[in-house]
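Student: The following file, start23.csv, comprises CSV, C-alpha atoms:
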```csv
chain,number,residue,atom,x,y,z
A,1278,MET,CA,55.7,32.7,-86.6
A,1279,THR,CA,58.9,33.2,-88.6
A,1280,SER,CA,58.6,35.7,-91.4
A,1281,ALA,CA,59.9,35.1,-95.0
A,1282,PRO,CA,62.7,37.6,-94.6
A,1283,ASP,CA,63.8,35.9,-91.3
A,1284,THR,CA,63.7,32.5,-93.0
A,1285,LEU,CA,65.8,33.8,-95.9
A,1286,ARG,CA,68.3,35.4,-93.5
A,1287,GLU,CA,68.7,32.1,-91.5
A,1288,THR,CA,69.1,30.2,-94.8
A,1289,ARG,CA,71.9,32.5,-95.9
A,1290,LYS,CA,73.6,32.3,-92.5
A,1291,SER,CA,73.5,28.5,-92.5
A,1292,ALA,CA,75.0,28.5,-96.0
A,1293,ALA,CA,77.8,30.8,-94.9
A,1294,ASN,CA,78.4,28.6,-91.9
A,1295,LEU,CA,78.7,25.6,-94.1
A,1296,VAL,CA,81.9,26.8,-95.8
A,1297,PRO,CA,84.2,26.7,-92.7
A,1298,ALA,CA,82.4,23.6,-91.4
A,1299,VAL,CA,83.2,21.8,-94.7
A,1300,LEU,CA,86.8,23.0,-94.5
A,1301,VAL,CA,87.1,21.4,-91.0
A,1302,ALA,CA,85.6,18.1,-92.2
A,1303,SER,CA,87.9,18.3,-95.2
A,1304,SER,CA,90.9,18.9,-92.9
A,1305,GLY,CA,90.1,15.7,-91.0
A,1306,PHE,CA,89.8,13.7,-94.3
A,1307,VAL,CA,93.2,15.0,-95.4
A,1308,MET,CA,94.9,14.6,-92.1
A,1309,PHE,CA,93.6,11.1,-91.3
A,1310,GLY,CA,92.2,9.7,-94.5
A,1311,LEU,CA,95.1,10.8,-96.7
A,1312,ASP,CA,97.8,11.2,-94.0
A,1313,GLN,CA,98.7,14.7,-95.2
A,1314,ARG,CA,99.1,16.5,-91.8
A,1315,TRP,CA,100.3,19.9,-93.1
A,1316,LEU,CA,97.7,20.2,-95.8
A,1317,GLY,CA,95.1,19.4,-93.1
A,1318,TYR,CA,96.5,22.2,-90.9
A,1319,LEU,CA,96.2,24.6,-93.8
A,1320,LEU,CA,92.6,23.7,-94.3
A,1321,LEU,CA,91.9,24.1,-90.6
A,1322,ALA,CA,93.5,27.5,-90.6
A,1323,ALA,CA,91.3,28.5,-93.6
A,1324,ALA,CA,88.3,27.2,-91.7
A,1325,LEU,CA,89.1,29.2,-88.6
A,1326,ALA,CA,89.9,32.4,-90.6
A,1327,SER,CA,86.6,32.2,-92.5
A,1328,SER,CA,84.6,31.4,-89.4
A,1329,PHE,CA,86.1,34.4,-87.6
A,1330,VAL,CA,84.8,36.6,-90.4
A,1331,ILE,CA,81.4,35.0,-90.3
A,1332,GLY,CA,80.7,35.1,-86.6
A,1333,ARG,CA,82.3,34.9,-83.2
A,1334,GLN,CA,80.3,31.9,-81.9
A,1335,LEU,CA,81.1,29.9,-85.0
A,1336,PHE,CA,84.7,30.7,-84.6
A,1337,LYS,CA,84.7,29.6,-81.0
A,1338,ASP,CA,83.0,26.3,-81.7
A,1339,LEU,CA,85.1,25.4,-84.7
A,1340,SER,CA,88.2,26.3,-82.7
A,1341,LEU,CA,87.2,23.7,-80.1
A,1342,LEU,CA,86.7,21.1,-82.8
A,1343,ALA,CA,90.0,22.0,-84.5
A,1344,LEU,CA,91.8,21.7,-81.1
A,1345,GLY,CA,90.7,18.1,-80.7
A,1346,LEU,CA,91.6,17.2,-84.3
A,1347,VAL,CA,95.1,18.8,-84.0
A,1348,ILE,CA,95.8,16.9,-80.7
A,1349,MET,CA,94.9,13.6,-82.3
A,1350,SER,CA,97.0,14.4,-85.4
A,1351,LEU,CA,100.1,14.7,-83.2
A,1352,VAL,CA,100.2,11.1,-82.2
A,1353,PRO,CA,100.5,7.9,-84.3
A,1354,ILE,CA,96.9,6.5,-84.8
A,1355,THR,CA,97.5,2.8,-85.0
A,1356,THR,CA,96.2,-0.4,-83.5
A,1357,ASP,CA,99.4,-1.0,-81.7
A,1358,ILE,CA,98.5,-2.4,-78.3
A,1359,SER,CA,101.9,-2.1,-76.6
A,1360,PHE,CA,101.7,-0.3,-73.2
A,1361,SER,CA,103.7,2.6,-74.4
A,1362,HIS,CA,101.5,3.3,-77.5
A,1363,MET,CA,98.3,2.8,-75.6
A,1364,PHE,CA,99.5,5.4,-73.0
A,1365,ILE,CA,100.5,7.9,-75.7
A,1366,MET,CA,97.3,7.5,-77.8
A,1367,GLY,CA,95.1,7.3,-74.7
A,1368,THR,CA,96.6,10.6,-73.3
A,1369,ALA,CA,95.9,12.3,-76.7
A,1370,MET,CA,92.3,10.9,-76.7
A,1371,VAL,CA,91.7,12.3,-73.2
A,1372,LEU,CA,93.0,15.7,-74.1
A,1373,ALA,CA,91.1,15.8,-77.4
A,1374,VAL,CA,87.9,15.4,-75.6
A,1375,GLY,CA,88.7,17.0,-72.2
A,1376,LEU,CA,90.3,20.3,-73.4
A,1377,PRO,CA,87.4,21.3,-75.7
A,1378,TYR,CA,84.9,20.4,-73.0
A,1379,SER,CA,86.8,22.3,-70.3
A,1380,ILE,CA,87.3,25.4,-72.5
A,1381,SER,CA,83.6,25.4,-73.5
A,1382,ARG,CA,82.4,25.1,-69.9
A,1383,PHE,CA,85.0,27.1,-67.9
A,1384,VAL,CA,86.4,29.6,-70.3
A,1385,PHE,CA,83.5,30.3,-72.8
A,1386,ARG,CA,81.0,29.4,-70.1
A,1387,ASP,CA,78.4,28.2,-72.5
A,1388,HIS,CA,78.7,24.5,-71.7
A,1389,ALA,CA,78.0,23.5,-75.3
A,1390,ILE,CA,79.5,20.1,-75.0
A,1391,ARG,CA,77.7,17.6,-72.7
A,1392,PHE,CA,77.9,13.9,-72.1
A,1393,PRO,CA,74.4,12.8,-71.2
A,1394,VAL,CA,74.7,9.4,-69.5
A,1395,PHE,CA,71.9,9.5,-66.9
A,1396,THR,CA,69.0,10.9,-68.9
A,1397,GLY,CA,66.2,9.5,-66.7
A,1398,GLN,CA,64.6,8.0,-69.7
A,1399,LYS,CA,64.1,4.2,-70.1
A,1400,TRP,CA,65.1,2.7,-73.4
A,1401,THR,CA,62.1,1.9,-75.5
A,1402,ARG,CA,61.3,-1.5,-76.8
A,1403,THR,CA,62.5,-0.5,-80.3
A,1404,GLU,CA,65.8,0.7,-78.8
A,1405,ARG,CA,66.3,-2.6,-77.0
A,1406,TRP,CA,65.5,-4.6,-80.1
A,1407,TYR,CA,68.0,-2.5,-82.0
A,1408,LEU,CA,70.7,-3.5,-79.6
A,1409,MET,CA,70.1,-7.1,-80.6
A,1410,ALA,CA,70.0,-6.2,-84.2
A,1411,VAL,CA,73.4,-4.5,-83.9
A,1412,VAL,CA,74.9,-7.8,-82.8
A,1413,VAL,CA,73.3,-9.7,-85.7
A,1414,MET,CA,74.5,-7.1,-88.2
A,1415,GLY,CA,78.0,-7.2,-86.8
A,1416,TYR,CA,78.0,-11.0,-87.0
A,1417,LEU,CA,76.9,-10.9,-90.6
A,1418,LEU,CA,79.1,-8.0,-91.9
A,1419,LEU,CA,82.3,-7.9,-89.9
A,1420,PRO,CA,83.7,-11.3,-90.8
A,1421,VAL,CA,82.9,-10.8,-94.5
A,1422,TYR,CA,84.7,-7.4,-94.3
A,1423,MET,CA,87.7,-8.2,-92.1
A,1424,ILE,CA,88.8,-11.6,-93.2
A,1425,PRO,CA,88.6,-12.0,-97.0
A,1426,THR,CA,90.0,-8.4,-97.5
A,1427,GLY,CA,92.9,-9.1,-95.1
A,1428,VAL,CA,92.1,-6.0,-93.1
A,1429,PHE,CA,92.3,-7.9,-89.9
A,1430,GLU,CA,96.1,-7.9,-90.4
A,1431,ASN,CA,96.1,-4.2,-89.5
A,1432,TRP,CA,95.5,-5.4,-85.9
A,1433,PRO,CA,98.1,-7.3,-83.9
A,1434,ALA,CA,97.6,-11.0,-83.4
A,1435,ALA,CA,96.4,-11.6,-79.8
A,1436,SER,CA,96.8,-15.1,-78.6
A,1437,ASP,CA,97.8,-14.9,-75.0
A,1438,GLY,CA,96.1,-13.5,-71.9
A,1439,SER,CA,97.9,-10.2,-71.9
A,1440,THR,CA,97.5,-9.3,-75.6
A,1441,VAL,CA,93.8,-10.5,-75.6
A,1442,ALA,CA,93.1,-8.3,-72.6
A,1443,ARG,CA,94.8,-5.3,-74.1
A,1444,LEU,CA,93.0,-5.8,-77.5
A,1445,PHE,CA,89.7,-6.0,-75.6
A,1446,LEU,CA,90.5,-2.9,-73.6
A,1447,GLY,CA,91.7,-1.0,-76.7
A,1448,THR,CA,88.6,-1.7,-78.8
A,1449,ASN,CA,86.2,-0.7,-76.0
A,1450,VAL,CA,88.1,2.5,-75.0
A,1451,LEU,CA,88.3,3.5,-78.7
A,1452,GLY,CA,84.6,2.8,-79.2
A,1453,ILE,CA,83.7,5.0,-76.2
A,1454,TRP,CA,86.0,7.8,-77.3
A,1455,ASP,CA,84.5,7.8,-80.8
A,1456,GLU,CA,81.1,8.7,-79.4
A,1457,LEU,CA,82.6,11.2,-77.0
A,1458,PHE,CA,84.5,13.1,-79.7
A,1459,PHE,CA,82.7,12.6,-83.0
A,1460,ILE,CA,79.1,12.6,-81.7
A,1461,CYS,CA,79.1,14.5,-78.3
A,1462,THR,CA,81.7,17.0,-79.4
A,1463,ALA,CA,81.9,17.3,-83.2
A,1464,PHE,CA,78.2,16.7,-84.0
A,1465,THR,CA,77.1,18.9,-81.1
A,1466,LEU,CA,79.3,21.8,-82.1
A,1467,LEU,CA,78.4,21.6,-85.8
A,1468,ARG,CA,74.7,21.4,-85.3
A,1469,ARG,CA,74.7,24.7,-83.4
A,1470,HIS,CA,75.4,26.4,-86.7
A,1471,LEU,CA,74.1,23.9,-89.4
A,1472,PRO,CA,70.9,21.9,-90.0
A,1473,ASP,CA,71.2,18.6,-88.2
A,1474,TRP,CA,71.5,16.6,-91.4
A,1475,GLN,CA,74.5,18.7,-92.6
A,1476,ALA,CA,76.2,18.5,-89.2
A,1477,ASN,CA,75.7,14.7,-89.1
A,1478,MET,CA,77.2,14.2,-92.6
A,1479,LEU,CA,80.2,16.2,-91.7
A,1480,GLN,CA,80.9,14.5,-88.4
A,1481,ALA,CA,80.6,11.2,-90.2
A,1482,VAL,CA,83.3,12.3,-92.6
A,1483,LEU,CA,85.6,12.9,-89.6
A,1484,PHE,CA,84.5,9.6,-87.9
A,1485,THR,CA,85.2,7.6,-91.1
A,1486,SER,CA,88.5,9.4,-91.8
A,1487,PHE,CA,89.9,8.7,-88.4
A,1488,LEU,CA,88.9,5.0,-88.5
A,1489,TRP,CA,90.5,4.7,-91.9
A,1490,GLU,CA,93.8,5.8,-90.5
A,1491,LEU,CA,93.3,3.4,-87.6
A,1492,GLY,CA,93.2,0.5,-90.0
A,1493,PHE,CA,89.6,0.1,-91.4
A,1494,HIS,CA,90.8,0.0,-95.1
A,1495,ALA,CA,89.4,-1.7,-98.2
A,1496,TRP,CA,85.7,-1.1,-98.3
A,1497,GLY,CA,85.6,-0.1,-94.6
A,1498,PRO,CA,84.2,3.4,-95.3
A,1499,LEU,CA,81.1,1.9,-96.9
A,1500,LEU,CA,80.5,0.3,-93.5
A,1501,ILE,CA,81.7,3.0,-91.2
A,1502,TYR,CA,80.1,6.1,-92.8
A,1503,PRO,CA,76.5,4.8,-92.5
A,1504,PHE,CA,77.2,3.6,-89.0
A,1505,ALA,CA,78.4,7.1,-88.0
A,1506,LEU,CA,75.3,8.7,-89.6
A,1507,VAL,CA,73.0,6.4,-87.7
A,1508,GLN,CA,74.9,7.0,-84.4
A,1509,GLY,CA,74.4,10.8,-84.9
A,1510,TRP,CA,70.7,10.3,-85.8
A,1511,ILE,CA,70.2,8.1,-82.7
A,1512,PHE,CA,71.9,10.7,-80.5
A,1513,LYS,CA,69.7,13.4,-81.9
A,1514,LYS,CA,66.6,11.3,-81.1
A,1515,THR,CA,67.6,9.9,-77.7
A,1516,LYS,CA,69.9,12.5,-76.4
A,1517,SER,CA,71.6,9.6,-74.6
A,1518,LEU,CA,75.4,9.0,-74.6
A,1519,SER,CA,74.8,5.8,-72.7
A,1520,TYR,CA,72.6,4.3,-75.5
A,1521,ILE,CA,74.9,5.1,-78.4
A,1522,VAL,CA,77.9,3.8,-76.4
A,1523,ALA,CA,75.9,0.6,-75.8
A,1524,VAL,CA,75.3,0.3,-79.5
A,1525,HIS,CA,79.0,0.9,-80.3
A,1526,LEU,CA,80.4,-1.5,-77.7
A,1527,LEU,CA,78.1,-4.3,-78.8
A,1528,PHE,CA,79.3,-3.9,-82.4
A,1529,ASP,CA,82.9,-3.6,-81.1
A,1530,PHE,CA,82.5,-6.8,-79.1
A,1531,VAL,CA,81.7,-8.7,-82.3
A,1532,LEU,CA,84.7,-6.9,-83.9
A,1533,PHE,CA,86.9,-8.2,-81.0
A,1534,LEU,CA,85.7,-11.8,-81.5
A,1535,VAL,CA,86.3,-11.6,-85.3
A,1536,LEU,CA,89.8,-10.3,-84.8
A,1537,ILE,CA,90.6,-13.1,-82.3
A,1538,HIS,CA,89.2,-15.6,-84.7
A,1539,ALA,CA,91.0,-14.2,-87.8
A,1540,HIS,CA,94.4,-14.5,-86.1
A,1541,ASN,CA,93.6,-17.8,-84.4
A,1542,ARG,CA,91.2,-19.7,-86.7
A,1543,GLU,CA,90.4,-22.4,-84.2
A,1544,TRP,CA,89.1,-19.8,-81.7
A,1545,PHE,CA,85.5,-18.6,-81.9
A,1546,ASP,CA,85.0,-20.6,-85.1
A,1547,ILE,CA,81.4,-19.4,-85.4
A,1548,PHE,CA,81.5,-16.9,-88.2
A,1549,LEU,CA,80.5,-17.1,-91.8
A,1550,TYR,CA,82.7,-15.6,-94.5
```
Before we go any further, please render this structure as structure tokens.
Tutor:
Amino acid sequence: MTSAPDTLRETRKSAANLVPAVLVASSGFVMFGLDQRWLGYLLLAAALASSFVIGRQLFKDLSLLALGLVIMSLVPITTDISFSHMFIMGTAMVLAVGLPYSISRFVFRDHAIRFPVFTGQKWTRTERWYLMAVVVMGYLLLPVYMIPTGVFENWPAASDGSTVARLFLGTNVLGIWDELFFICTAFTLLRRHLPDWQANMLQAVLFTSFLWELGFHAWGPLLIYPFALVQGWIFKKTKSLSYIVAVHLLFDFVLFLVLIHAHNREWFDIFLY
């Protein structure tokens, strides 16, 4: 049984941890949401300096998250589907996930970051129904968001086999990476030092800021932020990367169809907007 002094001590520790964690999330918002890289780096430096004072483990974990954010800040984050850009951005994405994971496992040896694909647990009936609900929500929301606002123009027009294939590959790879970095890396590292609800809110800020820079403008954050929160909550409940990836890829498949239709109105003319 936890005593009152112990509870108070934990509360104060969590409150102290929140300061550098908020600075990290703010740095992501500034770097990606506002496109102010150097101000974002200053906020990251302040986050790491304050976390170093608070505790060694907090400093180590936020350093891993900061490393991934800095790596992604060094490349253009766009929807360009040329081979050269896909290679550059893809390389950064691999490093942003792979380096924090490798350092956590082989240098720090605490293996904090994990990617639980084969959990041995079958998806429940509710989880299977939710997958279908995601498709319906994507069908109802994405055309209304992407087309009247003109946001679809932030993606290149894909009308031949090569560009359609690259657009499909890009949307799927990015969707998987979002879950690897923002949920399995950012959320996992933050929740080691914060209550789950706080960690989830902060990872959702990073998630939304990144996708804003990618091209989800207009009222996109009103769609993305709740989605990121739900993904974090689902991961907490299921502890399954494969499930949250399935959710994300189903949503992104509808996104892919909407983008094709928006640029080629006679294609997939099945949407309401």
Student: So that I can see what lies close to range 1305-1321 of chain A, please list as a compact mmCIF listing (two decimals) with C-alpha atoms, in the coordinates of the input the residues with an atom at most 6 Å from it, counting only C-alpha atoms and leaving out residues fewer than 2 positions away in the same chain.
Tutor:
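The resulting selection08.txt:
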```txt
# COMPACT_ATOMS: atom_id res chain seq x y z
CA LEU A 1300 86.80 23.00 -94.50
CA VAL A 1301 87.10 21.40 -91.00
CA ALA A 1302 85.60 18.10 -92.20
CA SER A 1303 87.90 18.30 -95.20
CA ALA A 1323 91.30 28.50 -93.60
CA ALA A 1324 88.30 27.20 -91.70
CA LEU A 1483 85.60 12.90 -89.60
CA SER A 1486 88.50 9.40 -91.80
CA PHE A 1487 89.90 8.70 -88.40
CA TRP A 1489 90.50 4.70 -91.90
CA GLU A 1490 93.80 5.80 -90.50
```
Student: Counting all atoms listed in the file, which residue out of A:Ser1340, A:Leu1500, A:His1388, A:Gln1334 sits closest to Met1423 in chain A?
Tutor: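 Going through A:Ser1340, A:Leu1500, A:His1388, A:Gln1334 one by one, the smallest distance to Met1423 in chain A is for A:Leu1500.
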Student: Find the residue from A:Leu1488, A:Ile1348, A:Leu1295, A:Ile1460 that sits nearest to Trp1510 in chain A; use all atoms listed in the file when measuring.
Tutor: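 Closest to Trp1510 in chain A, using all atoms listed in the file: A:Ile1460.
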Student: Which is closest to Ala1539 in chain A among A:Phe1336, A:Tyr1407, A:Trp1400, A:Phe1429, if we use all atoms listed in the file?
Tutor: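 For Ala1539 in chain A, the nearest of the candidates is A:Phe1429.
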Student: Mind giving me the straight-line distance from CA of Phe1364 in chain A to CA of Leu1346 in chain A in Å, one decimal?
Tutor: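 Between CA of Phe1364 in chain A and CA of Leu1346 in chain A the gap is 18.1 Å.
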Student: Report, in Å with one decimal, the straight-line distance from CA of Asp1338 in chain A to CA of Gln1480 in chain A.
Tutor: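 Spanning CA of Asp1338 in chain A to CA of Gln1480 in chain A is a straight-line distance of 13.7 Å.
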Student: Which residue out of A:Thr1462, A:Thr1356, A:Met1349, A:Thr1403 has the minimum interatomic distance to Ala1389 in chain A when all atoms listed in the file are used?
Tutor: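 Looking only at the distances to Ala1389 in chain A, the closest residue turns out to be A:Thr1462.
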Student: Around (84.1, 30.8, -94.5) in the file's frame, which residues reach within 12 Å when counting all atoms listed in the file? Return as a VMD selection string?
Tutor: chain A and resid 1290 to 1301 1320 to 1332 1335 to 1336 1339
Student: State, in Å with one decimal place, the distance from CA of His1470 in chain A to CA of Ser1350 in chain A.
Tutor: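 CA of Ser1350 in chain A lies 24.7 Å from CA of His1470 in chain A.
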